[in-house]
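**Student:** Take this structure first; my questions come after.
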2 protein chains.
Amino acid sequence: MKVLVVGATGAVGKAVVSELAQRHEVIQASRSSVTYPVDITQAASIGALFKRTGKIDAIVATVGSVHFGLLSEMTGEQFRIGINNKLMGQVELVLQGQSHLNAGGSITLTSGIISDEPIRMGANASAVNRAIEGFVCGAAIELLRGVRINAVNASVLVESLRTYAPFFIGFDAVPAARVAMAYARSVDGAATGQIYRVR
Amino acid sequence: MKVLVVGATGAVGKAVVSELAQRHEVIQASRSSVTYPVDITQAASIGALFKRTGKIDAIVATVGSVHFGLLSEMTGEQFRIGINNKLMGQVELVLQGQSHLNAGGSITLTSGIISDEPIRMGANASAVNRAIEGFVCGAAIELLRGVRINAVNASVLVESLRTYAPFFIGFDAVPAARVAMAYARSVDGAATGQIYRVR
């Protein structure tokens with residue numbers, strides 16, 4: 001299969017590329033890529049990416065940032081950071097990507113544990129992650145030509161603890177390599193509308 | 001208690017006003033109101049509303065529209081209709097409203113059954129409704145001074161079947177008066193971070 005990984009240079013993305021490259025041709029897209037550059041906040045940039053990839057069999061999005069900050073100080077503008085980046089970035093990849101997928105292809109998005117395990121400063125992340133899961137649930141019943149869609153919802157990464165540990169006290173961190181297996185289950189499997197939780 | 005109902009002229013809003021007015025002073029805000037007009041897509045309009053209400057004990061949002069349309073034809077711009085209206089409208093009400101609530105006050109938002117029971121043309125609604133629930137889950141642990149937040153997730157209204165019946169075949173419709181009771185449970189109760197499902 002020809003698999004497009006958007007966000008290939010991130011901690012999860014790298015692990016997903018390693019996992020999938022064992023069986024598939026992997027196209028690695030990221031903001032800094034020379035061959036497949038993409039800015040997920042720009043619909044036109046996503047359009048240009050699909051023009052470059054041609055028809056593909058799977059899209060994996062391991063990409064998107066959210067706003068972390070105290071609710072009591074949060075502004076609508078700050079809340080829109082996660083909306084415009086992680087949510088609309090992934091949604092655009094689906095809306096535009098659906099017609100670039102071969103029949104029976106798949107899309108795998110990324111939510112995250114804050115969707116159902118809220119943390120301080122994480123209200124934007126909780127909203128954005130659940131929105132992605134709701135979108136997967138809604139899109140799964142409408143995608144045509146046997147195209148499937150799932151999301152992976154992982155705990156904090158072992159690899160990210162150096163930065164995030166103070167926010168995730170008491171959380172069981174998971175290695176990126178184990179998270180990557182959930183993406184493989186989505187890409188190589190047959191399920192749709194699933195949220196793969198890695199805890 | 002002094003309760004602000006935003007969206008007081010809608011099918012749910014009217015029923016909520018009837019239910020709450022039995023025990024509370026209810027301020028009815030809506031797009032068309034002369035005394036409490038508000039356009040929830042404009043942060044400044046929400047700010048002006050809270051200036052007019054002064055301190056309140058509860059905010060109830062029964063407001064917000066989403067985009068209904070086939071996923072295969074949906075554009076990012078259409079998807080943003082629900083984001084800018086139902087999601088960001090309710091989020092802005094919380095972000096700005098939190099400092100206008102008396103200690104121990106409450107906020108009650110509105111999601112909807114498409115969050116977990118997807119329908120054709122409903123991908124935007126599924127995403128937006130779940131985002132609202134994720135936001136409630138995240139905000140509940142951060143609100144200060146004992147302020148609470150919950151959401152009501154109701155099935156299609158009996159009162160809306162004339163318009164929406166073809167989209168909700170096989171769904172058990174609920175009367176607005178029964179949905180209003182869930183809002184009362186949130187306003188008059190003591191719980192926080194809850195999603196009240198009315199089925």
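By convention here, the chains of the structure tokens are called A, B, ... in the order presented, each chain's residues are numbered starting at 1, and ligands are numbered starting at 1 in the order presented.
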Determine, using only C-alpha atoms, which residues of chain A have any atom at most 9 Å from an atom of chain B, and tabulate each with its shortest atom pair and distance in Å to one decimal place, rows ordered by chain and then rising number, as CSV.
**Tutor:**
residue,atom,partner,partner_atom,distance
A:Ala43,CA,B:Gly76,CA,7.8
A:Leu70,CA,B:Glu142,CA,7.6
A:Leu71,CA,B:Glu142,CA,6.3
A:Ser72,CA,B:Leu143,CA,7.0
A:Glu73,CA,B:Leu95,CA,8.1
A:Met74,CA,B:Leu95,CA,6.6
A:Thr75,CA,B:Leu95,CA,6.5
A:Gly76,CA,B:Glu92,CA,5.9
A:Phe79,CA,B:Val91,CA,8.5
A:Arg80,CA,B:Met88,CA,8.3
A:Ile83,CA,B:Ile83,CA,8.1
A:Met88,CA,B:Gly76,CA,7.4
A:Val91,CA,B:Gly76,CA,7.4
A:Glu92,CA,B:Gly76,CA,5.9
A:Leu95,CA,B:Thr75,CA,6.5
A:Gln96,CA,B:Thr75,CA,8.0
A:Gln98,CA,B:Ser72,CA,7.5
A:Ser99,CA,B:Ser72,CA,8.1
A:Ile114,CA,B:Gly138,CA,8.0
A:Ser115,CA,B:Gly134,CA,6.0
A:Asp116,CA,B:Gly134,CA,7.2
A:Glu117,CA,B:Gly138,CA,8.1
A:Pro118,CA,B:Gly138,CA,4.9
A:Ile119,CA,B:Gly138,CA,6.8
A:Arg120,CA,B:Glu142,CA,6.4
A:Met121,CA,B:Glu142,CA,7.7
A:Gly122,CA,B:Gly138,CA,6.2
A:Ala123,CA,B:Gly138,CA,4.3
A:Asn124,CA,B:Phe135,CA,6.8
A:Ala125,CA,B:Gly138,CA,8.1
A:Ser126,CA,B:Gly134,CA,4.8
A:Ala127,CA,B:Gly134,CA,4.2
A:Val128,CA,B:Ala131,CA,6.0
A:Asn129,CA,B:Ala131,CA,7.5
A:Arg130,CA,B:Ala131,CA,5.2
A:Ala131,CA,B:Ala131,CA,4.3
A:Ile132,CA,B:Ala127,CA,6.3
A:Glu133,CA,B:Ala127,CA,7.1
A:Gly134,CA,B:Ala127,CA,4.3
A:Phe135,CA,B:Ala127,CA,4.4
A:Val136,CA,B:Ala123,CA,7.9
A:Cys137,CA,B:Pro118,CA,6.5
A:Gly138,CA,B:Ala123,CA,4.3
A:Ala139,CA,B:Ala123,CA,5.5
A:Ala140,CA,B:Ala123,CA,8.8
A:Ile141,CA,B:Arg120,CA,7.1
A:Glu142,CA,B:Leu71,CA,6.3
A:Leu143,CA,B:Ser72,CA,7.0
A:Leu144,CA,B:Ser72,CA,7.7
**Student:** Report the residues of chain A whose backbone DSSP state falls under helix (DSSP H, G or I), written as a ChimeraX atom specification.
**Tutor:** /A:11-21,43-53,71-73,76-100,113-115,123-140,158-167,176-188
**Student:** So, with only C-alpha atoms as the atoms that count, which of A:Gln22, A:Ser30, A:Thr53, A:Thr108 lies closest to A:Val147?
**Tutor:**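 Among A:Gln22, A:Ser30, A:Thr53, A:Thr108, it is A:Thr108 that comes nearest to A:Val147.
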**Student:** Find the spatial neighbours of A:Pro37, counting only C-alpha atoms, within a cut-off of 10 Å - ignore same-chain residues fewer than 2 positions away - and output them as a list in words.
**Tutor:**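 Listing them by chain and then by number gives Val6, Gly7, Gln28, Ala29, Ser30, Arg31, Ser32, Ser33, Val34, Thr35, Asp39, Ile40, Ser45, Ile46, Ala48, Leu49 and Arg52 of chain A.
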**Student:** Would you mind listing what lies within 9 Å of A:Val17 as a PDB file with C-alpha atoms, in the first residue's frame, with only C-alpha atoms counted and same-chain residues fewer than 3 positions away left out?
**Tutor:**
ATOM      1  CA  VAL A   5       1.839  10.052   6.955  1.00  0.00           C
ATOM      2  CA  ALA A   8       6.051  12.273   9.936  1.00  0.00           C
ATOM      3  CA  VAL A  12       4.373   9.570  17.047  1.00  0.00           C
ATOM      4  CA  GLY A  13       4.887  10.152  13.331  1.00  0.00           C
ATOM      5  CA  LYS A  14       8.422   8.764  13.334  1.00  0.00           C
ATOM      6  CA  LEU A  20       4.369   0.971   8.473  1.00  0.00           C
ATOM      7  CA  ALA A  21       7.532   1.031   6.331  1.00  0.00           C
ATOM      8  CA  GLN A  22       8.014  -2.667   7.146  1.00  0.00           C
ATOM      9  CA  VAL A  26       5.356   5.481   3.122  1.00  0.00           C
ATOM     10  CA  ILE A  27       5.158   9.085   1.948  1.00  0.00           C
ATOM     11  CA  GLN A  28       6.385  11.350   4.730  1.00  0.00           C
ATOM     12  CA  ALA A 180       2.378   3.085  16.398  1.00  0.00           C
TER      13      ALA A 180
END
**Student:** Using DSSP on the backbone coordinates, identify all residues within chain A classified as strand (DSSP E); present the result as a PyMOL selection string.
**Tutor:** chain A and resi 2-6+25-29+56-61+101-110+148-154+195-198
